[in-house]
Each structure stands twice: as C-alpha cells, then as structure tokens.
>>> print(open('entry-v9.pdb').read())   # PDB, C-alpha atoms
ATOM      1  CA  MET S   1      43.377  21.327  -0.401
ATOM      2  CA  GLU S   2      41.567  22.777  -3.413
ATOM      3  CA  PRO S   3      38.230  24.383  -4.380
ATOM      4  CA  ARG S   4      35.354  21.919  -4.402
ATOM      5  CA  THR S   5      34.856  22.923  -8.041
ATOM      6  CA  PRO S   6      36.890  25.387 -10.153
ATOM      7  CA  GLY S   7      36.441  28.895  -8.782
ATOM      8  CA  ALA S   8      34.304  27.802  -5.814
ATOM      9  CA  HIS S   9      34.813  29.481  -2.435
ATOM     10  CA  GLU S  10      34.341  26.222  -0.506
ATOM     11  CA  LYS S  11      37.469  24.121  -0.028
ATOM     12  CA  VAL S  12      37.862  20.353   0.320
ATOM     13  CA  VAL S  13      40.799  18.045   0.935
ATOM     14  CA  ARG S  14      41.656  15.653  -1.871
ATOM     15  CA  VAL S  15      44.018  12.769  -1.182
ATOM     16  CA  LEU S  16      45.726  10.829  -3.960
ATOM     17  CA  LEU S  17      45.673   7.084  -3.280
ATOM     18  CA  TRP S  18      47.592   4.158  -4.744
ATOM     19  CA  ASN S  19      45.425   1.065  -5.096
ATOM     20  CA  ARG S  20      47.451  -2.158  -5.135
ATOM     21  CA  ALA S  21      46.093  -5.683  -5.418
ATOM     22  CA  PRO S  22      47.555  -8.479  -3.254
ATOM     23  CA  GLY S  23      50.744  -9.790  -4.803
ATOM     24  CA  THR S  24      53.836 -11.886  -4.263
ATOM     25  CA  GLY S  25      57.289 -12.156  -5.781
ATOM     26  CA  PRO S  26      58.510  -8.837  -7.181
ATOM     27  CA  TRP S  27      55.426  -6.987  -5.912
ATOM     28  CA  ILE S  28      55.689  -7.636  -2.192
ATOM     29  CA  SER S  29      53.853  -4.329  -1.582
ATOM     30  CA  GLY S  30      51.049  -5.290  -3.980
ATOM     31  CA  VAL S  31      50.473  -5.344  -7.719
ATOM     32  CA  PRO S  32      49.887  -1.844  -9.207
ATOM     33  CA  HIS S  33      46.158  -1.538  -9.856
ATOM     34  CA  ALA S  34      44.724   1.996  -9.982
ATOM     35  CA  THR S  35      45.012   5.630  -8.906
ATOM     36  CA  GLU S  36      42.167   6.973  -6.780
ATOM     37  CA  VAL S  37      41.231  10.335  -5.275
ATOM     38  CA  ALA S  38      39.467  10.621  -1.928
ATOM     39  CA  THR S  39      37.446  13.771  -1.167
ATOM     40  CA  LEU S  40      37.174  14.873   2.474
ATOM     41  CA  SER S  41      35.024  17.712   3.761
ATOM     42  CA  LEU S  42      36.318  20.595   5.850
ATOM     43  CA  PRO S  43      36.682  21.162   8.733
ATOM     44  CA  ASP S  44      35.600  17.714   9.969
ATOM     45  CA  LEU S  45      37.554  15.656   7.376
ATOM     46  CA  ARG S  46      34.546  13.463   6.691
ATOM     47  CA  LEU S  47      35.084  11.095   3.777
ATOM     48  CA  GLU S  48      32.643  12.053   1.026
ATOM     49  CA  GLY S  49      33.754   9.523  -1.553
ATOM     50  CA  ILE S  50      36.569   7.901  -3.516
ATOM     51  CA  THR S  51      36.910   8.222  -7.296
ATOM     52  CA  GLN S  52      39.069   6.022  -9.495
ATOM     53  CA  THR S  53      40.877   8.360 -11.884
ATOM     54  CA  VAL S  54      43.261   5.917 -13.602
ATOM     55  CA  GLY S  55      42.013   2.349 -13.829
ATOM     56  CA  PRO S  56      43.763  -0.940 -14.632
ATOM     57  CA  ALA S  57      42.109  -1.124 -18.050
ATOM     58  CA  SER S  58      44.348   1.708 -19.299
ATOM     59  CA  VAL S  59      47.396  -0.603 -19.331
ATOM     60  CA  ALA S  60      47.110  -4.396 -19.253
ATOM     61  CA  ASP S  61      50.663  -5.126 -18.059
ATOM     62  CA  PRO S  62      50.913  -4.370 -14.294
ATOM     63  CA  GLY S  63      54.626  -3.674 -14.679
ATOM     64  CA  ARG S  64      53.801  -0.761 -16.995
ATOM     65  CA  ARG S  65      50.905   0.690 -15.031
ATOM     66  CA  VAL S  66      51.490   4.123 -13.578
ATOM     67  CA  LEU S  67      50.355   5.016 -10.068
ATOM     68  CA  TYR S  68      49.996   8.796  -9.802
ATOM     69  CA  GLY S  69      50.369  10.770  -6.601
ATOM     70  CA  ALA S  70      54.047  10.571  -5.665
ATOM     71  CA  ALA S  71      53.930  14.378  -5.794
ATOM     72  CA  ALA S  72      51.352  17.050  -6.620
ATOM     73  CA  VAL S  73      52.394  20.642  -7.341
ATOM     74  CA  ARG S  74      50.038  23.579  -7.972
ATOM     75  CA  ASP S  75      51.223  25.972 -10.671
ATOM     76  CA  GLY S  76      48.887  28.622 -12.008
ATOM     77  CA  GLY S  77      45.493  27.080 -12.700
ATOM     78  CA  TRP S  78      46.817  23.522 -12.856
ATOM     79  CA  THR S  79      47.737  20.779 -10.434
ATOM     80  CA  TYR S  80      50.612  18.708 -11.798
ATOM     81  CA  VAL S  81      50.531  15.111 -10.530
ATOM     82  CA  PHE S  82      53.655  12.961 -10.779
ATOM     83  CA  GLY S  83      53.676   9.178 -10.720
ATOM     84  CA  SER S  84      55.799   6.180 -11.638
ATOM     85  CA  ASP S  85      55.609   2.692 -13.049
ATOM     86  CA  ASP S  86      56.788  -0.355 -11.102
ATOM     87  CA  PRO S  87      58.720  -2.727 -13.395
ATOM     88  CA  PRO S  88      59.237  -6.063 -11.619
ATOM     89  CA  SER S  89      62.767  -6.624 -12.928
ATOM     90  CA  SER S  90      64.315  -3.212 -12.165
ATOM     91  CA  PRO S  91      64.938  -1.221  -8.978
ATOM     92  CA  ALA S  92      64.476   2.014 -10.941
ATOM     93  CA  SER S  93      61.162   3.386 -12.182
ATOM     94  CA  SER S  94      60.323   5.992 -14.809
ATOM     95  CA  ALA S  95      58.523   9.184 -13.822
ATOM     96  CA  PHE S  96      55.240  10.179 -15.499
ATOM     97  CA  LEU S  97      53.156  13.357 -15.375
ATOM     98  CA  ALA S  98      49.474  14.242 -15.450
ATOM     99  CA  ARG S  99      47.784  17.608 -15.014
ATOM    100  CA  VAL S 100      44.331  18.562 -13.786
ATOM    101  CA  PRO S 101      42.611  21.978 -13.571
ATOM    102  CA  ALA S 102      42.535  23.273 -10.002
ATOM    103  CA  GLY S 103      39.351  22.001  -8.376
ATOM    104  CA  ARG S 104      38.987  18.905 -10.562
ATOM    105  CA  LEU S 105      41.325  16.306  -9.048
ATOM    106  CA  GLY S 106      38.320  14.103  -8.345
ATOM    107  CA  ASP S 107      36.969  14.434 -11.895
ATOM    108  CA  ARG S 108      38.346  11.571 -13.986
ATOM    109  CA  GLY S 109      37.472  13.246 -17.269
ATOM    110  CA  SER S 110      39.581  16.310 -16.469
ATOM    111  CA  TRP S 111      42.879  14.445 -16.197
ATOM    112  CA  ARG S 112      45.406  14.812 -19.032
ATOM    113  CA  TYR S 113      48.601  12.776 -19.429
ATOM    114  CA  ARG S 114      51.916  13.815 -20.906
ATOM    115  CA  ASP S 115      53.097  11.518 -23.689
ATOM    116  CA  GLY S 116      56.509  13.163 -24.017
ATOM    117  CA  ASP S 117      55.439  15.921 -26.422
ATOM    118  CA  ARG S 118      51.809  16.799 -25.667
ATOM    119  CA  TRP S 119      48.866  16.167 -23.356
ATOM    120  CA  ARG S 120      46.598  13.182 -23.996
ATOM    121  CA  ARG S 121      43.150  12.219 -22.705
ATOM    122  CA  GLN S 122      44.003   8.519 -22.502
ATOM    123  CA  ALA S 123      46.102   7.376 -19.533
ATOM    124  CA  GLY S 124      47.476   4.529 -21.647
ATOM    125  CA  ARG S 125      49.103   7.045 -24.005
ATOM    126  CA  ALA S 126      51.297   8.526 -21.256
ATOM    127  CA  GLY S 127      55.050   8.454 -21.805
ATOM    128  CA  PRO S 128      57.801   8.976 -19.217
ATOM    129  CA  VAL S 129      59.057  12.500 -18.591
ATOM    130  CA  LEU S 130      62.107  10.963 -16.882
ATOM    131  CA  ARG S 131      62.982   7.550 -18.283
ATOM    132  CA  ALA S 132      64.806   4.962 -16.171
ATOM    133  CA  GLY S 133      68.051   3.639 -17.588
ATOM    134  CA  GLY S 134      71.720   3.664 -16.676
ATOM    135  CA  ARG S 135      72.140   5.904 -13.635
ATOM    136  CA  ARG S 136      68.794   7.605 -14.191
ATOM    137  CA  GLY S 137      65.473   6.698 -12.640
ATOM    138  CA  VAL S 138      63.230   7.309  -9.654
ATOM    139  CA  GLY S 139      61.922   5.261  -6.768
ATOM    140  CA  SER S 140      58.221   4.480  -6.499
ATOM    141  CA  ALA S 141      58.000   7.303  -3.932
ATOM    142  CA  PHE S 142      59.658  10.625  -4.757
ATOM    143  CA  THR S 143      58.937  14.313  -4.357
ATOM    144  CA  VAL S 144      58.811  17.397  -6.599
ATOM    145  CA  VAL S 145      58.888  21.052  -5.500
ATOM    146  CA  ARG S 146      59.419  24.485  -6.978
ATOM    147  CA  ASP S 147      62.660  26.281  -6.080
ATOM    148  CA  GLY S 148      62.300  29.715  -7.629
ATOM    149  CA  PRO S 149      62.029  29.236 -11.403
ATOM    150  CA  ALA S 150      63.300  25.651 -11.211
ATOM    151  CA  TRP S 151      61.456  22.392 -10.588
ATOM    152  CA  VAL S 152      63.373  20.017  -8.316
ATOM    153  CA  LEU S 153      62.781  16.261  -8.043
ATOM    154  CA  ILE S 154      64.191  14.371  -5.038
ATOM    155  CA  THR S 155      64.381  10.566  -5.135
ATOM    156  CA  MET S 156      66.366   7.590  -3.932
ATOM    157  CA  ASP S 157      69.444   7.014  -6.090
ATOM    158  CA  THR S 158      67.940   3.930  -7.692
ATOM    159  CA  GLY S 159      70.106   4.334 -10.778
ATOM    160  CA  GLY S 160      73.295   3.877  -8.776
ATOM    161  CA  ASP S 161      74.818   0.655  -7.530
ATOM    162  CA  GLY S 162      72.566  -1.772  -5.680
ATOM    163  CA  ALA S 163      73.750  -0.770  -2.217
ATOM    164  CA  ALA S 164      73.204   2.933  -2.857
ATOM    165  CA  GLY S 165      69.673   2.375  -4.131
ATOM    166  CA  MET S 166      68.254   2.113  -0.611
ATOM    167  CA  ARG S 167      70.753   4.350   1.166
ATOM    168  CA  ALA S 168      71.460   7.464  -0.907
ATOM    169  CA  ILE S 169      69.250  10.318  -2.133
ATOM    170  CA  THR S 170      69.810  12.266  -5.340
ATOM    171  CA  SER S 171      68.081  15.024  -7.310
ATOM    172  CA  TYR S 172      67.069  16.200 -10.771
ATOM    173  CA  TRP S 173      66.094  19.684 -11.967
ATOM    174  CA  SER S 174      64.081  21.131 -14.834
ATOM    175  CA  CYS S 175      62.660  24.424 -16.045
ATOM    176  CA  SER S 176      59.198  22.852 -16.488
ATOM    177  CA  PRO S 177      57.257  19.983 -14.929
ATOM    178  CA  HIS S 178      57.482  17.916 -18.106
ATOM    179  CA  GLY S 179      61.240  18.320 -18.475
ATOM    180  CA  PRO S 180      63.738  17.799 -19.798
ATOM    181  CA  TRP S 181      64.985  16.658 -16.390
ATOM    182  CA  HIS S 182      68.720  17.059 -15.781
ATOM    183  CA  GLY S 183      70.602  14.762 -13.457
ATOM    184  CA  PRO S 184      71.108  12.877 -11.324
ATOM    185  CA  ASN S 185      72.906  15.595  -9.372
ATOM    186  CA  GLY S 186      74.852  14.855  -6.211
ATOM    187  CA  ARG S 187      74.300  12.157  -3.642
ATOM    188  CA  LEU S 188      73.181  12.560  -0.050
ATOM    189  CA  THR S 189      73.515   9.646   2.363
ATOM    190  CA  PRO S 190      71.233  10.432   5.310
ATOM    191  CA  PRO S 191      72.029   9.132   8.792
ATOM    192  CA  ARG S 192      70.702   5.707   9.697
ATOM    193  CA  PRO S 193      70.123   4.365  13.213
ATOM    194  CA  PRO S 194      72.829   2.108  14.604
ATOM    195  CA  ALA S 195      72.027  -1.577  14.322
ATOM    196  CA  PRO S 196      73.849  -4.879  14.796
ATOM    197  CA  ASP S 197      73.612  -5.432  11.024
ATOM    198  CA  PRO S 198      73.589  -1.960   9.402
ATOM    199  CA  GLN S 199      73.877  -3.452   5.907
ATOM    200  CA  HIS S 200      70.198  -4.402   6.193
ATOM    201  CA  VAL S 201      68.964  -0.958   7.305
ATOM    202  CA  ALA S 202      67.300   0.772   4.344
ATOM    203  CA  VAL S 203      66.408   4.414   3.738
ATOM    204  CA  TYR S 204      63.506   5.295   1.426
ATOM    205  CA  ASN S 205      60.594   7.635   0.648
ATOM    206  CA  PRO S 206      62.327  11.057   0.672
ATOM    207  CA  GLN S 207      59.743  13.839   0.876
ATOM    208  CA  ILE S 208      60.254  17.610   0.779
ATOM    209  CA  HIS S 209      57.826  19.680   2.894
ATOM    210  CA  PRO S 210      57.880  23.134   1.245
ATOM    211  CA  GLU S 211      55.448  24.584   3.804
ATOM    212  CA  PHE S 212      58.271  24.290   6.350
ATOM    213  CA  THR S 213      60.961  25.871   4.176
ATOM    214  CA  ALA S 214      63.044  28.363   6.169
ATOM    215  CA  ASN S 215      65.942  30.572   5.067
ATOM    216  CA  GLY S 216      66.164  28.847   1.716
ATOM    217  CA  GLU S 217      66.452  25.389   3.279
ATOM    218  CA  PHE S 218      63.923  22.631   2.565
ATOM    219  CA  LEU S 219      62.721  20.294   5.266
ATOM    220  CA  LEU S 220      63.260  16.740   3.990
ATOM    221  CA  SER S 221      61.822  13.670   5.694
ATOM    222  CA  TYR S 222      62.781  10.078   5.018
ATOM    223  CA  ASP S 223      61.784   6.673   6.347
ATOM    224  CA  VAL S 224      63.953   3.868   7.686
ATOM    225  CA  ASN S 225      63.250   0.148   7.572
ATOM    226  CA  TRP S 226      65.012  -3.161   8.105
ATOM    227  CA  LEU S 227      65.315  -5.456   5.096
ATOM    228  CA  GLY S 228      66.887  -8.618   6.399
ATOM    229  CA  PRO S 229      68.335 -11.532   4.459
ATOM    230  CA  PRO S 230      65.903 -13.347   2.133
ATOM    231  CA  GLY S 231      63.447 -15.422   4.080
ATOM    232  CA  VAL S 232      63.926 -13.558   7.367
ATOM    233  CA  PRO S 233      60.742 -11.690   8.373
ATOM    234  CA  ALA S 234      61.217  -8.015   9.192
ATOM    235  CA  ASP S 235      58.287  -7.663  11.611
ATOM    236  CA  PRO S 236      60.030  -8.930  14.781
ATOM    237  CA  ARG S 237      63.042  -6.673  14.208
ATOM    238  CA  VAL S 238      60.994  -3.583  13.335
ATOM    239  CA  ASN S 239      58.460  -4.093  16.141
ATOM    240  CA  GLY S 240      61.220  -4.735  18.647
ATOM    241  CA  ASP S 241      63.184  -1.556  17.890
ATOM    242  CA  VAL S 242      61.175   1.620  17.377
ATOM    243  CA  GLU S 243      64.298   3.414  16.119
ATOM    244  CA  LEU S 244      64.163   1.310  12.946
ATOM    245  CA  TYR S 245      60.772   2.556  11.802
ATOM    246  CA  ARG S 246      60.190   6.212  12.427
ATOM    247  CA  PRO S 247      60.525   9.227  10.119
ATOM    248  CA  ARG S 248      63.649  11.364  10.310
ATOM    249  CA  PHE S 249      64.255  14.900   9.118
ATOM    250  CA  LEU S 250      67.032  16.911   7.514
ATOM    251  CA  ARG S 251      67.434  20.489   6.356
ATOM    252  CA  VAL S 252      68.766  20.614   2.777
ATOM    253  CA  ARG S 253      69.729  23.516   0.555
ATOM    254  CA  THR S 254      69.919  23.321  -3.235
ATOM    255  CA  GLY S 255      72.951  24.712  -4.976
ATOM    256  CA  PRO S 256      74.540  25.032  -8.414
ATOM    257  CA  VAL S 257      75.020  21.769 -10.315
ATOM    258  CA  GLY S 258      78.407  20.271  -9.536
ATOM    259  CA  ARG S 259      78.615  21.707  -6.018
TER
END
>>> encode(input="entry-v9.pdb", output="structure tokens")
Amino acid sequence: MEPRTPGAHEKVVRVLLWNRAPGTGPWISGVPHATEVATLSLPDLRLEGITQTVGPASVADPGRRVLYGAAAVRDGGWTYVFGSDDPPSSPASSAFLARVPAGRLGDRGSWRYRDGDRWRRQAGRAGPVLRAGGRRGVGSAFTVVRDGPAWVLITMDTGGDGAAGMRAITSYWSCSPHGPWHGPNGRLTPPRPPAPDPQHVAVYNPQIHPEFTANGEFLLSYDVNWLGPPGVPADPRVNGDVELYRPRFLRVRTGPVGR
C-alpha cells in the first residue's frame, strides 16, 4: 500500500506481477516476459489498471530477463524492489535490485536499476547485486526484510547440492539493499509432510511476514509440492492429498553469523 502519488493522502494497493509467456522445457512455469504493476483502489480493491514497468525489449534473451517483485521493502522515501533472472541451465538465479520513489510504483519512468555501482534508467543495464555461482544464488522466489540496521535475504539453498536446493532454506545479510551480500549463512530444513515417496516432496517459496514479527522472531511461510519422477504428472498426487499443497509456517530468529 502506498500513496496514489508522492505525498498524496489517498492510498492505493499496488501489486507487483510476473508476466510469463507459455513455455516448455526448462521454463515449465512459463518463459520470463515482463514485470507489471496492478493498481487497486481502497477500500473496495477495484482493479484500476495494470502497467508494464519492465518489458521484454529491455533484454532479448529470456534467460537473462529479470522479473522484479520477489520482495519490496520501503526505506525512507524509496521502495526497493528485488527480482531475479531465470537461467534455463542453472537451479540458482542472481538477485537484482530496482528502486522507485514512494507513490510511483506504477510509473514506469520512475524506476531505476542498480548496475552494481550506480542507478540506471535502463532496465537492460541492471547488474546482479548477488551473483549466482558456487554455493551462492537465490531461487526465483525469495524474501528480503529489515532486521534492525541489517538487511536479511531468505531463499532456498539453490547453491547447495541438488537435493538441498528444494529442501533447505538459507540466508544472506547486508548493511544496504544493494550489498555487498554476505553468505550463505546457515541452513534450515523445514518439516515436510509424510509421504510414501518423501524424496519427491519439495519445499520452496520462503517468505518472511514482518507484520507478524513477535518478540524478535519472524514469521516465515513456505510452500510444499510434489515433484515426481520425470514424465509423471503431479496433479493427481497433489489434488488427492491436500497436505502436499498448503502453506506452512515457522517462527525463526536471526543470530550472529556462525551460530
């Protein structure tokens, strides 16, 4: 929720959307296409319109396109919007950063993109603030919050071994939204529902909900899915067992690195 325009008393809800085109092969969830912002009125949540803020023309290669909106954090007069690319040959993505003045999320011309050293007008000039490689990297869905003076990024441990990539959660920290990001730090393996073939039960999409922080503990949600052997459709298994596809919640507390 933000002012309709900078400094305005009236508030609206702005929702960051990932637009994916139909795809196959490595992009079973769709080929990365564009980032959009939907504006909804208050209090009735009527859709007023959808604006494309980052279009496909900014980067020709779909594997290098960045979809923004994994996380959005307000700090001072800015909204910092985190996103990631979706390389087809790697389970790990790089994290990217844009910023927009408060009240202008739906204004394409107000977006600025971090290129590693400074802010750029052109989305195609963006560079990763956390580059994938080795044990480092983020999933396509991750979360960023403030914890006192620190910025904390929570993601699946995609830089670990293949089995851990869809089972374990890890974190990074920084003193600023654009880094440098330190980590990965620690590994949390959240509970999964019992299943006849637990090796195919995946955990993904960790999200911190800071509005429900209590006593220094963050509320973290995560999703569970069933990813069967190649060629075996997941729909019958997921639809037949509600326990395999419902969000779950944990309370987590950050601590010193190494503990």
>>> resolve_selection(input="entry-v9.pdb", expression="the PyMOL selection byres ((chain S and resi 169) around 8)", output="count of residues only")
13
>>> resolve_selection(input="entry-v9.pdb", expression="the PyMOL selection byres ((chain S and resi 183-186) around 12)", output="PyMOL selection string")
chain S and resi 130-138+152-160+168-174+179-182+187-189+254-259
>>> atom_distance(input="entry-v9.pdb", atom1="atom CA of Val145 of chain S", atom2="atom CA of Arg118 of chain S")
21.8 Å
>>> atom_distance(input="entry-v9.pdb", atom1="atom CA of Met166 of chain S", atom2="atom CA of Gly228 of chain S")
12.9 Å
>>> resolve_selection(input="entry-v9.pdb", expression="the PyMOL selection byres ((chain S and resi 12) around 9)", output="PyMOL selection string")
chain S and resi 1-4+10-11+13-14+39-43+45+103
>>> residues_near_point(input="entry-v9.pdb", point="(69.2, 7.0, 10.3)", cutoff="8 Å", atoms="all atoms listed in the file", output="list in words")
Pro190, Pro191, Arg192, Pro193, Pro194, Val203, Val224 and Arg248 of chain S
>>> atom_distance(input="entry-v9.pdb", atom1="atom CA of Pro88 of chain S", atom2="atom CA of Pro229 of chain S")
19.3 Å
>>> closest_residue(input="entry-v9.pdb", among="S:Ala123, S:Ala95, S:Ala214, S:Ala202", to="Thr35 of chain S", atoms="only C-alpha atoms")
S:Ala123
>>> closest_residue(input="entry-v9.pdb", among="S:Tyr204, S:Trp226, S:Tyr68, S:Phe212", to="Pro247 of chain S", atoms="all atoms listed in the file")
S:Tyr204
>>> closest_residue(input="entry-v9.pdb", among="S:Gly240, S:Gly148, S:Ala141, S:Asp235", to="Asp223 of chain S", atoms="all atoms listed in the file")
S:Ala141
>>> residues_around(input="entry-v9.pdb", residues="segment 75-81 of chain S", least_positions_apart="3", cutoff="9 Å", atoms="all atoms listed in the file", output="VMD selection string")
chain S and resid 68 to 72 96 to 105 177
>>> axis_aligned_box(input="entry-v9.pdb", around="segment 11-27 of chain S", padding_each_side="8 Å", output="lines of an AutoDock Vina configuration file")
center_x = 48.0
center_y = 6.0
center_z = -3.1
size_x = 37.0
size_y = 52.3
size_z = 24.1
>>> closest_residue(input="entry-v9.pdb", among="S:Val201, S:Ala60, S:Leu47, S:Leu67", to="Leu17 of chain S", atoms="all atoms listed in the file")
S:Leu67
